[in-house]
Structures are given as C-alpha cells and as structure tokens.
Amino acid sequence: MLYTSHHFSDNFCKDFIDQCRADIDSGISINLVAMPGAGVTFFLRSLSQKDSKSYLFINSFEMAEFSRKEFYDQISQKLGISKAGSSLNEISQAMIKKSNQIGRLVIVFNRLDRLEEILDQNFFDNLRFLRDSNRNKINMIFVSSHPLIETHGHQIKDILSLIAKTEYFTGYEDQDLIEVYKSIDKQKIDQRALRLAGGHLLLLQVLMRCQNLNRPLSDPMVKLVVKDLHNSLTPKDKKTLVSILAKNNPSSIHNLINMGYLKKSSDGYIPFSPLLQEYVNSLGKQHLPIKEKRLLKILTQNKGKVVPKETICDYVWSEKDGIISDWALNALIYRLRKHSAFDSQNQTIESRKGEGYILFEN
C-alpha cells in the first residue's frame with residue numbers, strides 16, 4: 001500500500017493516532033474520510049507501526065479492474081491464501097486463524113469509494129459476514145474521500161451495520177507533512193511550497209517541482225491537482241465554497257470543515273490552500289461567449305426536458321435568417337461542454353437522437 005519503510009517519530013500525528021487507536025481498541029469499525037491525495041496512507045502506516053495489532057491493507061489502486069473477483073483475490077493473497085478464486089468461507093476461516101494468532105486483525109480498505117460499481121447490499125453483507133466471523137478480534141477501516149453514510153444514503157442500514165463511527169483526516173500539520181515528505185524525498189523543502197500545500201501531500205510534491213512558485217497555477221500539474229480537489233466536491237459543497245469566498249457566510253459548512261477543505265483563521269474560515277481560493281475565483285471570472293451563453297440559458301430554462309433543435313436554433317441564432325446546420329449546432333454544444341465556465345456548473349448535456357438536447361443537474 002505504501003512505498004516506504006520509514007518509521008515515524010513518536011509525535012507524528014499523535015492526537016489523531018491516539019483517537020483512531022481508541023476506536024480500534026473499543027472494537028468498532030470506522031470510516032476514515034480524507035481528501036484525495038492528502039497522504040492518509042502514510043498516517044495509516046504510522047498507525048500500524050505504533051500498534052501491536054496486525055494490519056492488512058487492501059488497496060483499490062492495486063486492482064487491475066474494479067470487480068468482486070479482484071477485490072476478494074487481493075484479500076486472499078494478503079491473507080496468504082495461495083489459490084485464486086477463494087470462497088467467502090475460505091477467506092473467513094483465514095481471517096479467524098490470523099486474528100486468533102495475533103490477538104486482533106485490522107483490515108484497511110483504501111479508497112473503497114473507488115469501487116462504486118460493486119458497492120451494493122450483497123457487497124456490504126459479505127463484508128459484514130467476514131467481520132463477524134471473529135467480531136471480537138476483527139476491525140475494519142474504510143478509507144474514502146467522502147463519508148460513505150452520505151454518498152450511499154440508500155444503503156444506510158447496510159453501512160451502519162458495518163461502520164460505527166466516521167473519523168476525518170483533515171490534512172497534516174507542517175511538521176508532520178515535512179516528516180512524510182522526507183520519508184520519500186530527501187530534497188530540502190521550500191517553505192513557500194509548504195505554505196501553499198496547506199497540509200496536503202500530493203500538492204506539496206507537485207509544488208516542490210514547480211518552476212515558478214510566484215504563479216504556481218500556471219504549472220499544469222499544480223493546476224490539475226487543485227482542479228481535481230475542487231471537482232471531487234459535491235455540487236452543494238462547491239456552491240458553499242463559493243459563498244464562503246464571497247463572505248456570504250452560508251449556514252452549512254460542516255462538510256468542508258470536516259474534510260479539511262476549510263480551516264479556521266482570524267478572518268473566519270478560509271480554504272486550506274490559497275491555491276484553491278485562487279482557482280475557484282478564476283472560475284467565476286471566465287465568461288461564456290454570447291452563443292454559448294444563449295444555449296445554456298435555453299437549456300437551463302427547460303432543465304430536465306428535451307429542447308428541440310429548432311427551438312434552440314431559433315433562440316441562439318435569433319438575428320440570423322435561414323436554416324442553421326446540424327454541424328453548427330453540434331459544434332456549439334461541443335464548445336459549451338468543454339468551456340471551463342460550464343464545467344463549474346456541475347451539469348451534463350445529453351443528446352436525444354432526432355429530437356434535441358437535455359440538461360441535467362449532476
């Protein structure tokens with residue numbers, strides 16, 4: 001799961017490690033929520049090093065495809081079962097044996113939310129069966145970028161039967177982030193990069209390779225990381241973030257605080273990195289050209305309904321006489337879909353063959 005054998009210091013993430021150890025000692029399974037790329041796996045490695053329990057890391061990033069077979073084969077392999085395609089009962093027996101040998105087995109599922117296609121009632125039932133094979137000695141930690149209880153609300157009973165508590169990893173303190181970075185790269189840390197990273201490991205890594213820290217978002221890799229962090233937010237949380245930056249003080253900001261996107265300052269709450277604020281502000285400054293703007297308006301006015309091609313053409317090209325070609329309309333749809341100002345709307349335009357186009361809210 002990790003590519004380092006570094007042993008972390010006694011003070012590394014001490015308070016949060018103590019909290020997670022207390023959860024595990026109480027016998028509960030938890031959902032550990034962290035921003036994508038924050039580096040939570042290094043925290044988990046430190047947790048496992050400072051604990052007498054045995055940790056088994058199941059990593060979605062090691063799967064060739066997101067299938068049940070790949071998932072259970074990885075569990076089997078890391079339990080030491082030699083054959084592929086082991087049954088659930090065989091995996092259960094191996095877990096019982098291992099947990100009895102070492103006293104307690106902690107199974108960490110890294111980025112379970114990436115396995116969206118296989119997360120159903122049967123999947124959760126199987127995980128509960130494996131945990132309950134020796135419930136007093138088996139804990140599970142489910143790592144995800146959003147609380148599973150919120151993203152899978154339709155399966156709330158299944159999730160609650162597995163997860164007793166949600167813990168939030170909100171990023172590293174500077175000293176802890178320096179220790180993580182030095183475990184994988186001996187390069188001297190630039191203090192400007194450290195400040196801009198805001199406790200986020202992947203952002204620090206790309207900033208350390210950035211040629212111009214005076215304008216870091218001009219670097220494609222830095223911008224990509226910040227964009228991905230913004231895109232990982234739900235539409236509601238994106239709107240809340242915009243309101244915070246506009247000093248509108250929205251009532252519900254707990255999600256952004258819990259996940260580490262917002263941090264307390266003397267000025268109220270601000271984004272964890274000034275680069276996130278700069279990126280969000282830049283989206284608001286990008287305006288749609290007139291035809292794209294008209295197209296978005298007519299689709300928005302009829303959101304969820306098919307808008308005929310003729311209606312779109314009459315509205316968008318109102319000052320032009322004659323017939324508008326399908327090519328011109330298709331090209332306009334393509335430009336709107338690709339425009340960054342539309343991307344920030346969290347909406348999807350779908351084609352209805354022979355009819356027209358429809359706008360959906362994601």
# chains A, B, ... in the order shown; residues from 1 in each chain; ligands from 1
$ select_by_dssp --residues "range 139-352 of chain A" --states "strand (DSSP E)" --output "PyMOL selection string"
chain A and resi 139-144+165-169+262-265+268-271+307-308+347-352
$ closest_residue --among "A:Ser133, A:Ser46, A:Ser161, A:Asn31" --to "Asp10 in chain A" --atoms "only C-alpha atoms"
A:Ser46
$ closest_residue --among "A:His146, A:His287, A:Lys303, A:Lys263" --to "Tyr357 in chain A" --atoms "only C-alpha atoms"
A:Lys303
$ residues_around --residues "Ile91 in chain A" --least-positions-apart "3" --cutoff "10 Å" --atoms "only C-alpha atoms" --output "ChimeraX atom specification"
/A:72-73,75-77,79-81,86-88,94-97,130,133
$ select_by_dssp --residues "range 214-326 of chain A" --states "helix (DSSP H, G or I)" --output "number ranges by chain"
A: 216-218, 220-231, 235-245, 254-258, 274-284, 290-301, 309-316, 326
$ residues_around --residues "Glu65 in chain A" --least-positions-apart "5" --cutoff "12 Å" --atoms "only C-alpha atoms" --output "ChimeraX atom specification"
/A:59-60,70-71,73-74,114-118
$ write_last_selection --atoms "N, CA and C atoms" --output "PDB file, in the first residue's frame"
ATOM      1  N   ASN A  59      -5.954  -2.433  -1.118  1.00  0.00           N
ATOM      2  CA  ASN A  59      -5.802  -1.169  -1.817  1.00  0.00           C
ATOM      3  C   ASN A  59      -6.483  -1.201  -3.187  1.00  0.00           C
ATOM      4  N   SER A  60      -7.466  -0.342  -3.389  1.00  0.00           N
ATOM      5  CA  SER A  60      -8.178  -0.306  -4.677  1.00  0.00           C
ATOM      6  C   SER A  60      -7.249   0.108  -5.812  1.00  0.00           C
ATOM      7  N   GLU A  70     -11.459  -9.390  -8.291  1.00  0.00           N
ATOM      8  CA  GLU A  70     -10.206  -8.704  -7.976  1.00  0.00           C
ATOM      9  C   GLU A  70     -10.150  -8.345  -6.490  1.00  0.00           C
ATOM     10  N   PHE A  71     -11.266  -7.894  -5.964  1.00  0.00           N
ATOM     11  CA  PHE A  71     -11.336  -7.466  -4.567  1.00  0.00           C
ATOM     12  C   PHE A  71     -11.044  -8.640  -3.632  1.00  0.00           C
ATOM     13  N   ASP A  73      -9.759 -11.575  -4.409  1.00  0.00           N
ATOM     14  CA  ASP A  73      -8.448 -12.174  -4.693  1.00  0.00           C
ATOM     15  C   ASP A  73      -7.337 -11.430  -3.957  1.00  0.00           C
ATOM     16  N   GLN A  74      -7.464 -10.092  -3.879  1.00  0.00           N
ATOM     17  CA  GLN A  74      -6.441  -9.331  -3.160  1.00  0.00           C
ATOM     18  C   GLN A  74      -6.481  -9.646  -1.660  1.00  0.00           C
ATOM     19  N   ARG A 114     -13.846   4.132  -4.596  1.00  0.00           N
ATOM     20  CA  ARG A 114     -13.483   3.931  -5.999  1.00  0.00           C
ATOM     21  C   ARG A 114     -14.124   2.663  -6.569  1.00  0.00           C
ATOM     22  N   LEU A 115     -14.655   1.812  -5.703  1.00  0.00           N
ATOM     23  CA  LEU A 115     -15.284   0.564  -6.137  1.00  0.00           C
ATOM     24  C   LEU A 115     -16.785   0.734  -6.287  1.00  0.00           C
ATOM     25  N   GLU A 116     -17.188   1.914  -6.719  1.00  0.00           N
ATOM     26  CA  GLU A 116     -18.610   2.278  -6.800  1.00  0.00           C
ATOM     27  C   GLU A 116     -19.461   1.228  -7.503  1.00  0.00           C
ATOM     28  N   GLU A 117     -18.919   0.628  -8.548  1.00  0.00           N
ATOM     29  CA  GLU A 117     -19.712  -0.294  -9.365  1.00  0.00           C
ATOM     30  C   GLU A 117     -20.086  -1.576  -8.628  1.00  0.00           C
ATOM     31  N   ILE A 118     -19.365  -1.929  -7.581  1.00  0.00           N
ATOM     32  CA  ILE A 118     -19.668  -3.182  -6.879  1.00  0.00           C
ATOM     33  C   ILE A 118     -20.217  -2.952  -5.475  1.00  0.00           C
TER      34      ILE A 118
END
$ closest_residue --among "A:Thr348, A:Ser251, A:Ser48, A:Ser29" --to "Asn139 in chain A" --atoms "only C-alpha atoms"
A:Ser29
$ closest_residue --among "A:Pro216, A:Gly356, A:Pro308, A:Pro289" --to "Pro274 in chain A" --atoms "only C-alpha atoms"
A:Pro216
$ atom_distance --atom1 "CA of Phe61 in chain A" --atom2 "CA of Lys78 in chain A"
14.7 Å
$ closest_atom_pairs --of "range 211-322 of chain A" --to "range 189-193 of chain A" --cutoff "12 Å" --atoms "only C-alpha atoms" --output "Markdown table"
| residue | atom | partner | partner_atom | distance |
| --- | --- | --- | --- | --- |
| A:Gln211 | CA | A:Ala193 | CA | 11.1 |
| A:Asn212 | CA | A:Ala193 | CA | 10.4 |
| A:Leu213 | CA | A:Ala193 | CA | 7.2 |
| A:Asn214 | CA | A:Arg192 | CA | 9.1 |
| A:Arg215 | CA | A:Ala193 | CA | 11.5 |
| A:Pro216 | CA | A:Ala193 | CA | 9.3 |
| A:Val222 | CA | A:Ala193 | CA | 11.0 |
| A:Ser273 | CA | A:Ala193 | CA | 10.5 |
| A:Pro274 | CA | A:Ala193 | CA | 11.3 |
| A:Leu275 | CA | A:Ala193 | CA | 10.9 |
$ write_last_selection --atoms "C-alpha atoms" --output "CSV table (one decimal), in the first residue's frame"
chain,number,residue,atom,x,y,z
A,211,GLN,CA,9.4,26.2,-11.6
A,212,ASN,CA,7.5,29.4,-10.7
A,213,LEU,CA,6.1,29.5,-7.1
A,214,ASN,CA,5.1,33.1,-7.7
A,215,ARG,CA,2.5,31.8,-10.2
A,216,PRO,CA,2.0,28.1,-9.3
A,222,VAL,CA,-0.3,22.1,-9.9
A,273,SER,CA,-4.6,26.3,0.5
A,274,PRO,CA,-4.7,29.8,-1.1
A,275,LEU,CA,-4.4,28.0,-4.4
$ residues_around --residues "range 239-243 of chain A" --least-positions-apart "3" --cutoff "10 Å" --atoms "only C-alpha atoms" --output "list in words"
His230, Leu233, Thr234, Pro235, Lys236, Ala246, Lys247, Asn248, Asn249, Pro250, Ser251, Ser252, Ile253, Asn255, Leu256, Tyr261, Leu262, Ile270, Pro271, Leu276, Gln277, Val280, Asn281, Gly284, Ser344 and Gln345 of chain A
$ closest_residue --among "A:Gln205, A:Asn258, A:Asn11, A:Thr300" --to "Asp176 in chain A" --atoms "only C-alpha atoms"
A:Asn11
$ closest_residue --among "A:Ser282, A:Ser183, A:Asn136, A:Thr151" --to "Leu245 in chain A" --atoms "only C-alpha atoms"
A:Ser282
$ closest_atom_pairs --of "range 121-224 of chain A" --to "range 109-112 of chain A" --cutoff "9 Å" --atoms "only C-alpha atoms" --output "Markdown table"
| residue | atom | partner | partner_atom | distance |
| --- | --- | --- | --- | --- |
| A:Met140 | CA | A:Phe109 | CA | 7.5 |
| A:Ile141 | CA | A:Phe109 | CA | 6.1 |
| A:Phe142 | CA | A:Phe109 | CA | 5.0 |
| A:Val143 | CA | A:Asn110 | CA | 4.9 |
| A:Ser144 | CA | A:Arg111 | CA | 4.6 |
| A:Ser145 | CA | A:Arg111 | CA | 7.0 |
| A:Leu148 | CA | A:Leu112 | CA | 9.0 |
$ atom_distance --atom1 "CA of Asp185 in chain A" --atom2 "CA of Glu62 in chain A"
22.5 Å
$ closest_atom_pairs --of "range 249-290 of chain A" --to "range 36-39 of chain A" --cutoff "12 Å" --atoms "only C-alpha atoms" --output "CSV"
residue,atom,partner,partner_atom,distance
A:Met259,CA,A:Pro36,CA,10.2
A:Gly260,CA,A:Ala38,CA,9.7
A:Tyr261,CA,A:Ala38,CA,10.9
A:Phe272,CA,A:Ala38,CA,11.5
$ atom_distance --atom1 "CA of Arg104 in chain A" --atom2 "CA of Ser54 in chain A"
6.5 Å
$ residues_around --residues "Ile290 in chain A" --least-positions-apart "3" --cutoff "12 Å" --atoms "only C-alpha atoms" --output "ChimeraX atom specification"
/A:287,293-297,315-318,332,335-336
$ write_last_selection --atoms "N, CA and C atoms" --output "mmCIF file, in the first residue's frame"
data_model
loop_
_atom_site.group_PDB
_atom_site.id
_atom_site.type_symbol
_atom_site.label_atom_id
_atom_site.label_comp_id
_atom_site.auth_asym_id
_atom_site.auth_seq_id
_atom_site.Cartn_x
_atom_site.Cartn_y
_atom_site.Cartn_z
ATOM 1 N N HIS A 287 -16.075 33.981 -18.591
ATOM 2 C CA HIS A 287 -17.420 34.221 -19.118
ATOM 3 C C HIS A 287 -17.649 33.428 -20.408
ATOM 4 N N LYS A 293 -23.680 31.258 -24.189
ATOM 5 C CA LYS A 293 -24.491 31.762 -23.086
ATOM 6 C C LYS A 293 -25.985 31.586 -23.377
ATOM 7 N N ARG A 294 -26.384 31.891 -24.626
ATOM 8 C CA ARG A 294 -27.786 31.717 -25.008
ATOM 9 C C ARG A 294 -28.186 30.243 -24.955
ATOM 10 N N LEU A 295 -27.298 29.389 -25.446
ATOM 11 C CA LEU A 295 -27.582 27.946 -25.433
ATOM 12 C C LEU A 295 -27.793 27.443 -24.005
ATOM 13 N N LEU A 296 -26.891 27.847 -23.104
ATOM 14 C CA LEU A 296 -27.022 27.406 -21.708
ATOM 15 C C LEU A 296 -28.314 27.935 -21.095
ATOM 16 N N LYS A 297 -28.692 29.157 -21.455
ATOM 17 C CA LYS A 297 -29.904 29.748 -20.889
ATOM 18 C C LYS A 297 -31.155 28.980 -21.310
ATOM 19 N N TYR A 315 -33.602 30.391 -30.885
ATOM 20 C CA TYR A 315 -33.225 31.232 -29.745
ATOM 21 C C TYR A 315 -31.783 31.712 -29.857
ATOM 22 N N VAL A 316 -30.873 30.794 -30.203
ATOM 23 C CA VAL A 316 -29.441 31.132 -30.235
ATOM 24 C C VAL A 316 -29.101 32.019 -31.418
ATOM 25 N N TRP A 317 -29.658 31.701 -32.585
ATOM 26 C CA TRP A 317 -29.356 32.453 -33.797
ATOM 27 C C TRP A 317 -30.559 33.334 -34.189
ATOM 28 N N SER A 318 -31.145 34.007 -33.232
ATOM 29 C CA SER A 318 -32.388 34.762 -33.454
ATOM 30 C C SER A 318 -32.222 35.866 -34.486
ATOM 31 N N LEU A 332 -21.495 23.952 -31.459
ATOM 32 C CA LEU A 332 -21.803 24.842 -30.337
ATOM 33 C C LEU A 332 -21.988 24.029 -29.050
ATOM 34 N N ARG A 335 -18.567 23.085 -27.819
ATOM 35 C CA ARG A 335 -17.825 24.196 -27.202
ATOM 36 C C ARG A 335 -18.349 24.502 -25.806
ATOM 37 N N LEU A 336 -19.666 24.433 -25.623
ATOM 38 C CA LEU A 336 -20.229 24.693 -24.304
ATOM 39 C C LEU A 336 -19.807 23.619 -23.303
#
$ decode --residues "range 77-115 of chain A" --atoms "N, CA and C atoms" --output "mmCIF file, in the first residue's frame"
data_model
loop_
_atom_site.group_PDB
_atom_site.id
_atom_site.type_symbol
_atom_site.label_atom_id
_atom_site.label_comp_id
_atom_site.auth_asym_id
_atom_site.auth_seq_id
_atom_site.Cartn_x
_atom_site.Cartn_y
_atom_site.Cartn_z
ATOM 1 N N GLN A 77 -4.879 -13.081 -1.249
ATOM 2 C CA GLN A 77 -3.430 -13.020 -1.417
ATOM 3 C C GLN A 77 -2.750 -12.469 -0.168
ATOM 4 N N LYS A 78 -3.313 -11.391 0.393
ATOM 5 C CA LYS A 78 -2.672 -10.755 1.542
ATOM 6 C C LYS A 78 -2.915 -11.512 2.850
ATOM 7 N N LEU A 79 -3.855 -12.455 2.814
ATOM 8 C CA LEU A 79 -4.049 -13.357 3.956
ATOM 9 C C LEU A 79 -3.154 -14.592 3.842
ATOM 10 N N GLY A 80 -2.476 -14.698 2.687
ATOM 11 C CA GLY A 80 -1.588 -15.837 2.494
ATOM 12 C C GLY A 80 -2.251 -17.050 1.883
ATOM 13 N N ILE A 81 -3.458 -16.887 1.340
ATOM 14 C CA ILE A 81 -4.132 -17.997 0.657
ATOM 15 C C ILE A 81 -3.521 -18.124 -0.735
ATOM 16 N N SER A 82 -2.993 -19.288 -1.052
ATOM 17 C CA SER A 82 -2.222 -19.456 -2.287
ATOM 18 C C SER A 82 -3.079 -19.488 -3.543
ATOM 19 N N LYS A 83 -4.260 -20.056 -3.463
ATOM 20 C CA LYS A 83 -5.061 -20.198 -4.685
ATOM 21 C C LYS A 83 -5.946 -18.985 -4.935
ATOM 22 N N ALA A 84 -6.173 -18.690 -6.222
ATOM 23 C CA ALA A 84 -7.082 -17.601 -6.599
ATOM 24 C C ALA A 84 -8.512 -18.121 -6.587
ATOM 25 N N GLY A 85 -9.471 -17.185 -6.516
ATOM 26 C CA GLY A 85 -10.882 -17.568 -6.550
ATOM 27 C C GLY A 85 -11.355 -18.247 -5.287
ATOM 28 N N SER A 86 -10.771 -17.889 -4.146
ATOM 29 C CA SER A 86 -11.181 -18.491 -2.874
ATOM 30 C C SER A 86 -12.618 -18.105 -2.540
ATOM 31 N N SER A 87 -13.315 -19.002 -1.885
ATOM 32 C CA SER A 87 -14.697 -18.725 -1.480
ATOM 33 C C SER A 87 -14.698 -17.809 -0.262
ATOM 34 N N LEU A 88 -15.869 -17.227 -0.007
ATOM 35 C CA LEU A 88 -16.024 -16.351 1.148
ATOM 36 C C LEU A 88 -15.744 -17.111 2.444
ATOM 37 N N ASN A 89 -16.151 -18.366 2.500
ATOM 38 C CA ASN A 89 -15.908 -19.167 3.706
ATOM 39 C C ASN A 89 -14.416 -19.418 3.915
ATOM 40 N N GLU A 90 -13.681 -19.644 2.825
ATOM 41 C CA GLU A 90 -12.236 -19.861 2.939
ATOM 42 C C GLU A 90 -11.534 -18.590 3.422
ATOM 43 N N ILE A 91 -11.972 -17.433 2.918
ATOM 44 C CA ILE A 91 -11.404 -16.158 3.373
ATOM 45 C C ILE A 91 -11.732 -15.942 4.843
ATOM 46 N N SER A 92 -12.973 -16.249 5.215
ATOM 47 C CA SER A 92 -13.407 -16.101 6.606
ATOM 48 C C SER A 92 -12.563 -16.959 7.547
ATOM 49 N N GLN A 93 -12.309 -18.205 7.169
ATOM 50 C CA GLN A 93 -11.508 -19.107 8.008
ATOM 51 C C GLN A 93 -10.069 -18.597 8.148
ATOM 52 N N ALA A 94 -9.534 -18.027 7.055
ATOM 53 C CA ALA A 94 -8.174 -17.480 7.110
ATOM 54 C C ALA A 94 -8.115 -16.270 8.043
ATOM 55 N N MET A 95 -9.173 -15.447 8.025
ATOM 56 C CA MET A 95 -9.234 -14.293 8.929
ATOM 57 C C MET A 95 -9.308 -14.741 10.382
ATOM 58 N N ILE A 96 -10.124 -15.751 10.641
ATOM 59 C CA ILE A 96 -10.258 -16.273 12.006
ATOM 60 C C ILE A 96 -8.906 -16.768 12.501
ATOM 61 N N LYS A 97 -8.221 -17.523 11.667
ATOM 62 C CA LYS A 97 -6.923 -18.087 12.045
ATOM 63 C C LYS A 97 -5.917 -16.981 12.342
ATOM 64 N N LYS A 98 -5.853 -15.977 11.456
ATOM 65 C CA LYS A 98 -4.879 -14.898 11.630
ATOM 66 C C LYS A 98 -5.191 -14.054 12.857
ATOM 67 N N SER A 99 -6.475 -13.727 13.056
ATOM 68 C CA SER A 99 -6.846 -12.895 14.201
ATOM 69 C C SER A 99 -6.620 -13.624 15.517
ATOM 70 N N ASN A 100 -6.781 -14.943 15.537
ATOM 71 C CA ASN A 100 -6.518 -15.722 16.750
ATOM 72 C C ASN A 100 -5.022 -15.793 17.044
ATOM 73 N N GLN A 101 -4.209 -15.781 15.987
ATOM 74 C CA GLN A 101 -2.760 -15.874 16.161
ATOM 75 C C GLN A 101 -2.164 -14.594 16.744
ATOM 76 N N ILE A 102 -2.687 -13.446 16.298
ATOM 77 C CA ILE A 102 -2.040 -12.177 16.693
ATOM 78 C C ILE A 102 -2.888 -11.337 17.656
ATOM 79 N N GLY A 103 -4.043 -11.798 18.024
ATOM 80 C CA GLY A 103 -4.857 -11.085 19.017
ATOM 81 C C GLY A 103 -5.917 -10.186 18.430
ATOM 82 N N ARG A 104 -5.584 -9.392 17.413
ATOM 83 C CA ARG A 104 -6.578 -8.545 16.730
ATOM 84 C C ARG A 104 -6.089 -8.248 15.321
ATOM 85 N N LEU A 105 -7.011 -8.337 14.369
ATOM 86 C CA LEU A 105 -6.710 -8.071 12.970
ATOM 87 C C LEU A 105 -7.464 -6.820 12.533
ATOM 88 N N VAL A 106 -6.733 -5.854 11.984
ATOM 89 C CA VAL A 106 -7.338 -4.619 11.481
ATOM 90 C C VAL A 106 -7.194 -4.613 9.953
ATOM 91 N N ILE A 107 -8.316 -4.609 9.249
ATOM 92 C CA ILE A 107 -8.301 -4.630 7.784
ATOM 93 C C ILE A 107 -8.629 -3.231 7.275
ATOM 94 N N VAL A 108 -7.690 -2.660 6.517
ATOM 95 C CA VAL A 108 -7.860 -1.308 5.979
ATOM 96 C C VAL A 108 -8.208 -1.400 4.498
ATOM 97 N N PHE A 109 -9.365 -0.870 4.119
ATOM 98 C CA PHE A 109 -9.793 -0.838 2.717
ATOM 99 C C PHE A 109 -9.547 0.573 2.195
ATOM 100 N N ASN A 110 -8.472 0.735 1.418
ATOM 101 C CA ASN A 110 -8.112 2.067 0.946
ATOM 102 C C ASN A 110 -8.955 2.492 -0.251
ATOM 103 N N ARG A 111 -9.608 3.661 -0.109
ATOM 104 C CA ARG A 111 -10.464 4.261 -1.137
ATOM 105 C C ARG A 111 -11.529 3.282 -1.625
ATOM 106 N N LEU A 112 -12.334 2.824 -0.669
ATOM 107 C CA LEU A 112 -13.452 1.940 -1.000
ATOM 108 C C LEU A 112 -14.411 2.609 -1.975
ATOM 109 N N ASP A 113 -14.499 3.951 -1.923
ATOM 110 C CA ASP A 113 -15.440 4.666 -2.794
ATOM 111 C C ASP A 113 -15.084 4.546 -4.276
ATOM 112 N N ARG A 114 -13.846 4.132 -4.596
ATOM 113 C CA ARG A 114 -13.483 3.931 -5.999
ATOM 114 C C ARG A 114 -14.124 2.663 -6.569
ATOM 115 N N LEU A 115 -14.655 1.812 -5.703
ATOM 116 C CA LEU A 115 -15.284 0.564 -6.137
ATOM 117 C C LEU A 115 -16.785 0.734 -6.287
#
